[in-house]
Amino acid sequence: MFTPHTNAEREEMLRAVGVSSIEDLFKAVPKKYRFPSLDLPPKKSELEITNELSDLSNGNGSVKDLMCFLGAGAYHHFIPAAVDSIISRGEFFTAYTPYQPEISQGTLQAIFEYQSLIANLTGMDACNASHYDGATAVAEAVILAHAHYRGKRPKMILSPSLNPQYRETVRTYTQGFADIEITGDLVKDPLESPDSLIKLIDMQTALVVVQYPDFFGRIYDYAKVAEVAHQNGALFAVSINPIALGLLKPPSEFGADIVVGEGQPLGIPLSLGGPYLGLFATKKELVRKISGRLVGETVDQDGKRGYVLTLTAREQHIRREKATSNICSNQGLMALASSVYLSLLGKQGLRQVAELCYQKAHYAAGQISTVPGFSVRTKTPFFHEFIVDCPVPVAELNAHLLEHGILGGFELGTVFPSLKKSCLIAVTEMNTKDDIDIFVEVLKEMSHD
Amino acid sequence: MTEKTIFELSSPGRKGVEFPAVDVPTTDLPAEFLREDLPLPELAEVDVIRHYTHLSHLNYCVDEGFYPLGSCTMKYNPRVNEAMARLPGFAYCHPLQPVESIQGSLALMYNLQEMLKEIAGFAEVSLQPAAGAHGEFTGVMIMRAYHQSKGETKRTKMLIPDSAHGTNPASSAMTGFEVAPIATDARGNVDLAALRAACDETVAGIMITNPNTLGLFDENILEVIDIVHKAGGLVYGDGANLNALLGIVRPGDLGIDVMHFNLHKTFSTPHGGGGPGSGPVGVSDKLKEFLPGPIISIIEEGDDEMPPLFGYYQPKNSIGRVKSFNGHFGMHVRAYTYISMHGAEGLRQVAELAVLNANYLLSKVRGAYKLPYDRVCMHEFVLEGMFDDVPDVHALDIAKRLMDYDFHPPTNYFPLIVHEALMIEPTETENKQVIDSFAEAMLNIAREAHESPELLHEAPHKTPVRRLDEVKAAKDLVLCCWLPENSE
């Protein structure tokens, strides 16, 4: 199957090695524990495993069959066929990290272009070759800020409207740092205006992190927060949704030093939560502080343009315990998917998708607000997600919606005690007007009960 | 020929994809938030496909040939894995869907947890970590949480043998541990005297790679583990070299308390030009409560009529989540497929043939290259890429010359404890003829190094680009390109 050895070859190889049996190669392994019998299911042929997994996958209700109004950090978008066609090429997916640049120019140039596409989209000067996802990208921003001030500024201010999973991940990542204090996010009212972060910013602050559009879908101009952060000598980081930047001004325009975010909406399937793509871009002043891989342009010995991994001296395999991050494998193939996606959509296509999301979400919000018992809580500008207060428990509502082939919004009460009866509805270009109208009809049924 | 960048190929007005028109009554856009310009390239679909196809031709990959990168386990990536991960029911589920609507995926994850537990001998597994280094970090955090729960806050020292993986020191430091290196003895084992001397009341544990980065199984592994345990420390096993141990020995049986798996090495999920990986973490019974959650479990037992209901559970003293959602589910599907197609016997055969291939290759090149630790190796071995009588030939030159023979070079300059290291891991998916021709190339190169060293110094000769100026790249720091000025 996947091992090509014939019995004759095996014997010949054993003779060359000078042992009489394969077992003889394992004498260093303690005899008592050598060759355990593993209790695993009997092996399956390709035909059998294909049948088993087809059955298992058919047991799921996917967004191919369900109407999806669920977002909260992962979004259902259209993926042009060309994206999977490119990332399915063995030349890309069966290659390793491009440590040998002479035979890895395809991967290297693709990463260089990815860095360029994300820098152009976010208005930043540089971008790394990726982090694991949006959550770990935020955590890496916190660690960058800690290192930037050499641990002398303990305070990391997280907006309460930063994705709750990102906030939890930051807390996990920083458990070992006695000199980091995470603050700002555990407030009674997670919907308060970002201006309320301002009073927390002081000379002990290393970093302020906000989300744009925020976890609840709202759009704010963070210029004032950024200004106060900078006045106090702190760094300002913005976690973005890359699709929204097709429409909205880039965070560079309101003072971001670091832009992070979840790259999944850029041509990467939902896949139950991964693999996704951690975006990480900065102003040029911070380039040498970025962890992870960076690709730079150079020339070969004949003067021909080429690309190499650069500033590798920052990385864990060289700096060892002095490195600020241990990241090694990243999301290379997902970064390639996002590059193909952005190349296909380009200037016009990304704007069009963003506008479709915006228009459909606003239509949906308008229609839902006419259903008795339901009210749209979001009154300020929003992109493609908004909060709906429901007359029935959200879990019950979602169970009912599922019976009608609809994936309802995220139950906010599971994370925010003050939003017990609220859900977060996401609408993208995948939701037709008919879908939205059906969704609203089912809500009407619920309001009659 | 140099391939233009995607930005240089842009032509204003081109489109690669068409979307439907807005089908709902429109709302005004929020004028004060709109961006003025979106400086992305504009291309037709065919331009995009040709560009990336051209780029792909500049890569070497496992599909093309032998890729003996030590410690990277560049085995063949079965195509069925790819097909399974792309089944619509797997690829298009939202991670926050109600559990009732994703029972198929949760069952697969649950079964994969069970398989990994059985293969490596652990009490519980979390599939959440995204990569090997992420798994290491998770495991070290678990060790920290364990000591804290016992009130042992003075345990701040992490022992790391100098034959361990390169990411280990950074993973420990990120977690707040001080790193204490432990020397390797003349047979390539952990130096027991050095280990005993370092084991005091401040030891949190040891991060051990076994087989180590010399490709050797530690002959005193039980003693190493015992010394650390007696000092009150925990033992972390770096699972990057697990390919050599499948069905041979279970790390948990040896007494290892916590270990990460690299699904992208051992279980054939592809490397993707640098990722995504997947780094599940397995632990012994006493560490279960600290794992990152959620973990997949049976929340309602099944019976004859009804299958069990799978759901999530949060370990009671969890270190917290280490990333969003459930880990790299797409990689879980691929690894599950691979393990299912092997079964117990097939997995043992994988390890046996990986080790046979490495020893066979070693037998062919021994003598032409210096072998600092000469004993039966596991899945890989490390040569010195230098010759005393031609001092200006380096491991790098040998690596580059291999490209002229159409091979990917081995890992070079790692591990640091071997001068000019060439770390060679053939994997089990290579046949005898491939290994014979690689060995022949290695022998030719050893001869060339003596007879015409310029062939090595000037190599590679026939690659898309030749040796690149890395100093210039770091000095100029050109990390991005932009749209040409006149394209606006």
# chains A, B, ... in the order shown; residues from 1 in each chain; ligands from 1

call {"tool": "residues_around", "arguments": {"residues": "Ala145 of chain B", "least_positions_apart": "6", "cutoff": "10 Å", "atoms": "only C-alpha atoms", "output": "count of residues only"}}
result
13

call {"tool": "residues_around", "arguments": {"residues": "segment 206-218 of chain A", "least_positions_apart": "3", "cutoff": "8 Å", "atoms": "only C-alpha atoms", "output": "PDB file with N, CA and C atoms, in the first residue's frame"}}
result
ATOM      1  N   ALA A  72     -19.592  34.436  14.478  1.00  0.00           N
ATOM      2  CA  ALA A  72     -18.879  34.491  15.759  1.00  0.00           C
ATOM      3  C   ALA A  72     -17.430  34.036  15.643  1.00  0.00           C
ATOM      4  N   GLY A  73     -16.786  34.380  14.539  1.00  0.00           N
ATOM      5  CA  GLY A  73     -15.368  34.076  14.417  1.00  0.00           C
ATOM      6  C   GLY A  73     -15.011  33.144  13.284  1.00  0.00           C
ATOM      7  N   VAL A 142       0.428  40.098  22.083  1.00  0.00           N
ATOM      8  CA  VAL A 142       0.657  40.397  23.499  1.00  0.00           C
ATOM      9  C   VAL A 142       2.113  40.076  23.862  1.00  0.00           C
ATOM     10  N   ALA A 145       4.431  42.666  22.463  1.00  0.00           N
ATOM     11  CA  ALA A 145       4.416  43.912  23.234  1.00  0.00           C
ATOM     12  C   ALA A 145       5.211  43.753  24.532  1.00  0.00           C
ATOM     13  N   HIS A 146       5.065  42.582  25.159  1.00  0.00           N
ATOM     14  CA  HIS A 146       5.812  42.310  26.389  1.00  0.00           C
ATOM     15  C   HIS A 146       7.320  42.393  26.125  1.00  0.00           C
ATOM     16  N   TYR A 149       8.737  46.056  25.338  1.00  0.00           N
ATOM     17  CA  TYR A 149       9.032  46.894  26.507  1.00  0.00           C
ATOM     18  C   TYR A 149       9.866  46.143  27.535  1.00  0.00           C
ATOM     19  N   ARG A 153       6.495  47.030  31.066  1.00  0.00           N
ATOM     20  CA  ARG A 153       5.113  47.506  31.069  1.00  0.00           C
ATOM     21  C   ARG A 153       4.189  46.292  31.169  1.00  0.00           C
ATOM     22  N   PRO A 154       3.620  46.033  32.312  1.00  0.00           N
ATOM     23  CA  PRO A 154       2.858  44.793  32.524  1.00  0.00           C
ATOM     24  C   PRO A 154       1.453  44.789  31.908  1.00  0.00           C
ATOM     25  N   LYS A 155       0.887  45.960  31.693  1.00  0.00           N
ATOM     26  CA  LYS A 155      -0.549  46.015  31.437  1.00  0.00           C
ATOM     27  C   LYS A 155      -0.904  45.757  29.968  1.00  0.00           C
ATOM     28  N   MET A 156      -1.733  44.759  29.742  1.00  0.00           N
ATOM     29  CA  MET A 156      -2.248  44.447  28.412  1.00  0.00           C
ATOM     30  C   MET A 156      -3.762  44.649  28.467  1.00  0.00           C
ATOM     31  N   ILE A 157      -4.248  45.635  27.744  1.00  0.00           N
ATOM     32  CA  ILE A 157      -5.679  45.947  27.806  1.00  0.00           C
ATOM     33  C   ILE A 157      -6.407  45.305  26.634  1.00  0.00           C
ATOM     34  N   LEU A 158      -7.332  44.408  26.940  1.00  0.00           N
ATOM     35  CA  LEU A 158      -8.122  43.767  25.893  1.00  0.00           C
ATOM     36  C   LEU A 158      -9.525  44.351  25.910  1.00  0.00           C
ATOM     37  N   SER A 159     -10.030  44.681  24.739  1.00  0.00           N
ATOM     38  CA  SER A 159     -11.394  45.187  24.656  1.00  0.00           C
ATOM     39  C   SER A 159     -12.377  44.081  25.033  1.00  0.00           C
ATOM     40  N   SER A 161     -15.064  43.612  23.732  1.00  0.00           N
ATOM     41  CA  SER A 161     -15.697  43.137  22.497  1.00  0.00           C
ATOM     42  C   SER A 161     -14.684  42.467  21.568  1.00  0.00           C
ATOM     43  N   LEU A 162     -13.556  42.012  22.141  1.00  0.00           N
ATOM     44  CA  LEU A 162     -12.630  41.134  21.419  1.00  0.00           C
ATOM     45  C   LEU A 162     -13.167  39.713  21.572  1.00  0.00           C
ATOM     46  N   ASN A 163     -13.119  38.935  20.505  1.00  0.00           N
ATOM     47  CA  ASN A 163     -13.609  37.549  20.504  1.00  0.00           C
ATOM     48  C   ASN A 163     -13.240  36.829  21.815  1.00  0.00           C
ATOM     49  N   ILE A 201      -5.855  53.279  30.128  1.00  0.00           N
ATOM     50  CA  ILE A 201      -4.525  53.374  29.511  1.00  0.00           C
ATOM     51  C   ILE A 201      -3.625  54.305  30.326  1.00  0.00           C
ATOM     52  N   ALA A 229      -3.428  55.692  23.528  1.00  0.00           N
ATOM     53  CA  ALA A 229      -2.419  54.630  23.674  1.00  0.00           C
ATOM     54  C   ALA A 229      -1.043  55.171  23.289  1.00  0.00           C
ATOM     55  N   GLY A 233       2.672  55.983  25.175  1.00  0.00           N
ATOM     56  CA  GLY A 233       3.805  55.164  24.739  1.00  0.00           C
ATOM     57  C   GLY A 233       3.467  53.702  24.540  1.00  0.00           C
ATOM     58  N   ALA A 234       2.169  53.370  24.486  1.00  0.00           N
ATOM     59  CA  ALA A 234       1.773  51.968  24.322  1.00  0.00           C
ATOM     60  C   ALA A 234       1.558  51.635  22.851  1.00  0.00           C
ATOM     61  N   LEU A 235       1.549  50.353  22.553  1.00  0.00           N
ATOM     62  CA  LEU A 235       1.252  49.895  21.199  1.00  0.00           C
ATOM     63  C   LEU A 235      -0.254  49.656  21.069  1.00  0.00           C
ATOM     64  N   PHE A 236      -0.734  49.765  19.827  1.00  0.00           N
ATOM     65  CA  PHE A 236      -2.157  49.605  19.565  1.00  0.00           C
ATOM     66  C   PHE A 236      -2.355  48.512  18.512  1.00  0.00           C
ATOM     67  N   ALA A 237      -3.095  47.468  18.885  1.00  0.00           N
ATOM     68  CA  ALA A 237      -3.314  46.345  17.968  1.00  0.00           C
ATOM     69  C   ALA A 237      -4.792  46.218  17.625  1.00  0.00           C
ATOM     70  N   VAL A 238      -5.059  45.853  16.378  1.00  0.00           N
ATOM     71  CA  VAL A 238      -6.431  45.712  15.912  1.00  0.00           C
ATOM     72  C   VAL A 238      -6.613  44.318  15.299  1.00  0.00           C
ATOM     73  N   SER A 239      -7.618  43.591  15.799  1.00  0.00           N
ATOM     74  CA  SER A 239      -7.949  42.289  15.230  1.00  0.00           C
ATOM     75  C   SER A 239      -9.050  42.504  14.200  1.00  0.00           C
ATOM     76  N   ILE A 240      -8.798  42.106  12.963  1.00  0.00           N
ATOM     77  CA  ILE A 240      -9.723  42.448  11.877  1.00  0.00           C
ATOM     78  C   ILE A 240     -10.407  41.219  11.292  1.00  0.00           C
ATOM     79  N   ASN A 241     -11.508  41.489  10.564  1.00  0.00           N
ATOM     80  CA  ASN A 241     -12.076  40.504   9.651  1.00  0.00           C
ATOM     81  C   ASN A 241     -11.643  40.946   8.253  1.00  0.00           C
ATOM     82  N   ALA A 244     -14.197  42.361   5.721  1.00  0.00           N
ATOM     83  CA  ALA A 244     -14.706  43.706   6.011  1.00  0.00           C
ATOM     84  C   ALA A 244     -13.783  44.779   5.446  1.00  0.00           C
ATOM     85  N   THR A 378     -28.442  45.958  18.180  1.00  0.00           N
ATOM     86  CA  THR A 378     -27.359  46.771  17.618  1.00  0.00           C
ATOM     87  C   THR A 378     -27.928  48.028  16.956  1.00  0.00           C
ATOM     88  N   THR A 380     -25.779  50.897  16.522  1.00  0.00           N
ATOM     89  CA  THR A 380     -24.673  51.634  15.905  1.00  0.00           C
ATOM     90  C   THR A 380     -24.286  50.915  14.607  1.00  0.00           C
ATOM     91  N   PRO A 381     -23.439  51.541  13.767  1.00  0.00           N
ATOM     92  CA  PRO A 381     -23.082  50.900  12.490  1.00  0.00           C
ATOM     93  C   PRO A 381     -22.500  49.507  12.697  1.00  0.00           C
ATOM     94  N   PHE A 382     -22.897  48.581  11.812  1.00  0.00           N
ATOM     95  CA  PHE A 382     -22.348  47.229  11.888  1.00  0.00           C
ATOM     96  C   PHE A 382     -22.032  46.716  10.498  1.00  0.00           C
ATOM     97  N   PHE A 383     -21.243  45.650  10.441  1.00  0.00           N
ATOM     98  CA  PHE A 383     -20.836  45.096   9.140  1.00  0.00           C
ATOM     99  C   PHE A 383     -21.759  43.940   8.723  1.00  0.00           C
ATOM    100  N   HIS A 384     -21.491  42.711   9.175  1.00  0.00           N
ATOM    101  CA  HIS A 384     -22.369  41.616   8.739  1.00  0.00           C
ATOM    102  C   HIS A 384     -22.841  40.744   9.895  1.00  0.00           C
ATOM    103  N   GLU A 385     -22.704  41.270  11.129  1.00  0.00           N
ATOM    104  CA  GLU A 385     -23.235  40.568  12.296  1.00  0.00           C
ATOM    105  C   GLU A 385     -23.929  41.569  13.197  1.00  0.00           C
ATOM    106  N   PHE A 386     -24.972  41.106  13.869  1.00  0.00           N
ATOM    107  CA  PHE A 386     -25.709  42.009  14.758  1.00  0.00           C
ATOM    108  C   PHE A 386     -26.386  41.178  15.845  1.00  0.00           C
ATOM    109  N   ILE A 387     -26.742  41.864  16.951  1.00  0.00           N
ATOM    110  CA  ILE A 387     -27.320  41.178  18.111  1.00  0.00           C
ATOM    111  C   ILE A 387     -28.841  41.229  18.041  1.00  0.00           C
ATOM    112  N   LEU A 424     -26.215  36.228  18.240  1.00  0.00           N
ATOM    113  CA  LEU A 424     -25.443  37.011  17.278  1.00  0.00           C
ATOM    114  C   LEU A 424     -25.700  36.406  15.897  1.00  0.00           C
TER     115      LEU A 424
END

call {"tool": "select_by_dssp", "arguments": {"residues": "segment 145-280 of chain A", "states": "helix (DSSP H, G or I)", "output": "PyMOL selection string"}}
result
chain A and resi 145-148+164-173+194-200+223-231+244-246+251-254+271-273

call {"tool": "write_last_selection", "arguments": {"atoms": "N, CA and C atoms", "output": "compact mmCIF listing (two decimals), in the first residue's frame"}}
result
# COMPACT_ATOMS: atom_id res chain seq x y z
N ALA A 145 4.43 42.67 22.46
CA ALA A 145 4.42 43.91 23.23
C ALA A 145 5.21 43.75 24.53
N HIS A 146 5.07 42.58 25.16
CA HIS A 146 5.81 42.31 26.39
C HIS A 146 7.32 42.39 26.13
N ALA A 147 7.76 41.78 25.04
CA ALA A 147 9.19 41.80 24.70
C ALA A 147 9.64 43.19 24.28
N HIS A 148 8.75 43.90 23.57
CA HIS A 148 9.08 45.23 23.07
C HIS A 148 9.46 46.17 24.22
N PRO A 164 -14.24 36.29 22.53
CA PRO A 164 -13.96 35.67 23.83
C PRO A 164 -12.95 34.51 23.76
N GLN A 165 -12.94 33.76 22.65
CA GLN A 165 -11.95 32.68 22.54
C GLN A 165 -10.54 33.25 22.40
N TYR A 166 -10.41 34.42 21.80
CA TYR A 166 -9.09 35.04 21.68
C TYR A 166 -8.62 35.49 23.07
N ARG A 167 -9.56 36.03 23.84
CA ARG A 167 -9.20 36.51 25.18
C ARG A 167 -8.78 35.34 26.06
N GLU A 168 -9.50 34.23 25.92
CA GLU A 168 -9.14 33.05 26.72
C GLU A 168 -7.75 32.54 26.32
N THR A 169 -7.49 32.54 25.01
CA THR A 169 -6.19 32.06 24.53
C THR A 169 -5.06 32.95 25.04
N VAL A 170 -5.27 34.25 25.05
CA VAL A 170 -4.25 35.17 25.58
C VAL A 170 -3.96 34.82 27.03
N ARG A 171 -5.00 34.54 27.79
CA ARG A 171 -4.80 34.19 29.22
C ARG A 171 -4.01 32.89 29.36
N THR A 172 -4.29 31.92 28.51
CA THR A 172 -3.53 30.67 28.57
C THR A 172 -2.06 30.94 28.25
N TYR A 173 -1.83 31.68 27.17
CA TYR A 173 -0.47 31.92 26.70
C TYR A 173 0.38 32.66 27.73
N PRO A 194 -16.01 51.66 23.01
CA PRO A 194 -14.57 51.46 23.17
C PRO A 194 -13.90 52.64 23.87
N ASP A 195 -14.57 53.78 23.87
CA ASP A 195 -13.97 54.94 24.55
C ASP A 195 -13.77 54.67 26.04
N SER A 196 -14.53 53.72 26.58
CA SER A 196 -14.35 53.43 28.01
C SER A 196 -13.03 52.73 28.29
N LEU A 197 -12.34 52.27 27.24
CA LEU A 197 -10.99 51.70 27.45
C LEU A 197 -9.99 52.80 27.78
N ILE A 198 -10.31 54.01 27.35
CA ILE A 198 -9.34 55.11 27.45
C ILE A 198 -8.87 55.34 28.88
N LYS A 199 -9.81 55.26 29.82
CA LYS A 199 -9.45 55.55 31.21
C LYS A 199 -8.48 54.51 31.80
N LEU A 200 -8.38 53.35 31.14
CA LEU A 200 -7.47 52.30 31.64
C LEU A 200 -6.03 52.51 31.19
N ALA A 223 -9.79 55.87 16.46
CA ALA A 223 -8.72 56.88 16.43
C ALA A 223 -8.40 57.43 17.83
N LYS A 224 -9.46 57.67 18.61
CA LYS A 224 -9.23 58.27 19.92
C LYS A 224 -8.48 57.31 20.86
N VAL A 225 -8.90 56.05 20.84
CA VAL A 225 -8.23 55.05 21.68
C VAL A 225 -6.76 54.93 21.28
N ALA A 226 -6.54 54.87 19.98
CA ALA A 226 -5.17 54.74 19.47
C ALA A 226 -4.33 55.94 19.90
N GLU A 227 -4.93 57.11 19.82
CA GLU A 227 -4.20 58.33 20.15
C GLU A 227 -3.76 58.32 21.62
N VAL A 228 -4.68 57.94 22.50
CA VAL A 228 -4.33 57.90 23.93
C VAL A 228 -3.28 56.82 24.20
N ALA A 229 -3.43 55.69 23.53
CA ALA A 229 -2.42 54.63 23.67
C ALA A 229 -1.04 55.17 23.29
N HIS A 230 -0.99 55.82 22.17
CA HIS A 230 0.30 56.36 21.70
C HIS A 230 0.84 57.46 22.61
N GLN A 231 -0.06 58.30 23.11
CA GLN A 231 0.38 59.34 24.06
C GLN A 231 1.05 58.74 25.28
N ALA A 244 -14.20 42.36 5.72
CA ALA A 244 -14.71 43.71 6.01
C ALA A 244 -13.78 44.78 5.45
N LEU A 245 -12.49 44.46 5.36
CA LEU A 245 -11.54 45.46 4.85
C LEU A 245 -11.67 45.66 3.35
N GLY A 246 -12.50 44.86 2.69
CA GLY A 246 -12.84 45.15 1.29
C GLY A 246 -13.64 46.43 1.18
N PRO A 251 -7.02 49.61 9.24
CA PRO A 251 -6.67 50.03 10.61
C PRO A 251 -5.48 50.99 10.65
N SER A 252 -4.66 50.99 9.60
CA SER A 252 -3.54 51.94 9.55
C SER A 252 -4.06 53.37 9.62
N GLU A 253 -5.28 53.59 9.14
CA GLU A 253 -5.80 54.96 9.10
C GLU A 253 -6.23 55.46 10.47
N PHE A 254 -6.42 54.55 11.42
CA PHE A 254 -6.68 55.06 12.78
C PHE A 254 -5.61 54.61 13.77
N SER A 271 -14.59 23.71 8.00
CA SER A 271 -13.89 22.54 8.50
C SER A 271 -13.90 22.40 10.03
N LEU A 272 -15.05 22.63 10.62
CA LEU A 272 -15.26 22.47 12.06
C LEU A 272 -14.22 23.21 12.92
N GLY A 273 -13.62 24.25 12.35
CA GLY A 273 -12.75 25.08 13.20
C GLY A 273 -11.28 25.04 12.83

call {"tool": "closest_residue", "arguments": {"among": "B:Leu371, B:Met442, B:Leu58, B:Ile435", "to": "Pro464 of chain B", "atoms": "only C-alpha atoms"}}
result
B:Leu58

call {"tool": "residues_around", "arguments": {"residues": "segment 178-186 of chain B", "least_positions_apart": "3", "cutoff": "8 Å", "atoms": "only C-alpha atoms", "output": "PyMOL selection string"}}
result
(chain A and resi 321) or (chain B and resi 156-163+169+172-173+189-191+194-195+198+373)

call {"tool": "write_last_selection", "arguments": {"atoms": "C-alpha atoms", "output": "PDB file, in the first residue's frame"}}
result
ATOM      1  CA  GLU A 321      15.315  29.798  24.981  1.00  0.00           C
TER       2      GLU A 321
ATOM      3  CA  THR B 156      11.188  26.369  37.835  1.00  0.00           C
ATOM      4  CA  LYS B 157      13.921  24.407  36.082  1.00  0.00           C
ATOM      5  CA  MET B 158      13.347  22.463  32.878  1.00  0.00           C
ATOM      6  CA  LEU B 159      16.036  19.994  31.857  1.00  0.00           C
ATOM      7  CA  ILE B 160      16.638  19.711  28.133  1.00  0.00           C
ATOM      8  CA  PRO B 161      19.214  17.268  26.752  1.00  0.00           C
ATOM      9  CA  ASP B 162      21.330  18.826  24.020  1.00  0.00           C
ATOM     10  CA  SER B 163      20.116  16.046  21.726  1.00  0.00           C
ATOM     11  CA  PRO B 169      14.022  25.460  24.841  1.00  0.00           C
ATOM     12  CA  SER B 172       9.930  26.041  28.043  1.00  0.00           C
ATOM     13  CA  ALA B 173      10.990  29.666  28.178  1.00  0.00           C
ATOM     14  CA  ASN B 189      22.489   8.722  25.424  1.00  0.00           C
ATOM     15  CA  VAL B 190      21.560  11.281  28.068  1.00  0.00           C
ATOM     16  CA  ASP B 191      24.609  11.651  30.344  1.00  0.00           C
ATOM     17  CA  ALA B 194      24.971  15.185  34.436  1.00  0.00           C
ATOM     18  CA  LEU B 195      21.290  14.370  34.821  1.00  0.00           C
ATOM     19  CA  ALA B 198      20.937  18.634  37.794  1.00  0.00           C
ATOM     20  CA  TYR B 373      27.721   7.927  17.075  1.00  0.00           C
TER      21      TYR B 373
END

call {"tool": "residues_around", "arguments": {"residues": "Asp374 of chain B", "least_positions_apart": "5", "cutoff": "10 Å", "atoms": "only C-alpha atoms", "output": "JSON, numbers by chain"}}
result
{"B": [186, 187, 188, 216, 362, 366, 381, 382, 383]}

call {"tool": "write_last_selection", "arguments": {"atoms": "C-alpha atoms", "output": "CSV table (one decimal), in the first residue's frame"}}
result
chain,number,residue,atom,x,y,z
B,186,ALA,CA,29.7,9.0,24.1
B,187,ARG,CA,27.1,6.5,23.0
B,188,GLY,CA,24.5,9.3,22.3
B,216,LEU,CA,19.2,6.9,18.6
B,362,LEU,CA,23.6,4.1,6.8
B,366,ARG,CA,29.3,4.4,6.4
B,381,PHE,CA,21.0,9.1,11.6
B,382,VAL,CA,23.4,12.0,11.6
B,383,LEU,CA,26.6,12.2,9.6

call {"tool": "residues_around", "arguments": {"residues": "Ala361 of chain A", "least_positions_apart": "6", "cutoff": "10 Å", "atoms": "only C-alpha atoms", "output": "ChimeraX atom specification"}}
result
/A:69,355,367,382-386,425-429,431,436 /B:24,27

call {"tool": "residues_around", "arguments": {"residues": "Val260 of chain A", "least_positions_apart": "3", "cutoff": "10 Å", "atoms": "only C-alpha atoms", "output": "list in words"}}
result
Thr122, Cys127, Ser130, His131, Asp133, Gly134, Ala135, Thr136, Ala137, Val138, Ala139, Glu140, Ala141, Val209, Gln211, Ala237, Val238, Ser239, Ile240, Asn241, Pro242, Gly263, Gly278, Leu279, Phe280, Ala281 and Thr282 of chain A

call {"tool": "closest_residue", "arguments": {"among": "B:Gly166, B:Gly65, B:Gly302, B:Gly70", "to": "chain A", "atoms": "only C-alpha atoms"}}
result
B:Gly166

call {"tool": "atom_distance", "arguments": {"atom1": "atom CA of Leu455 of chain B", "atom2": "atom CA of Pro98 of chain A"}}
result
23.2 Å
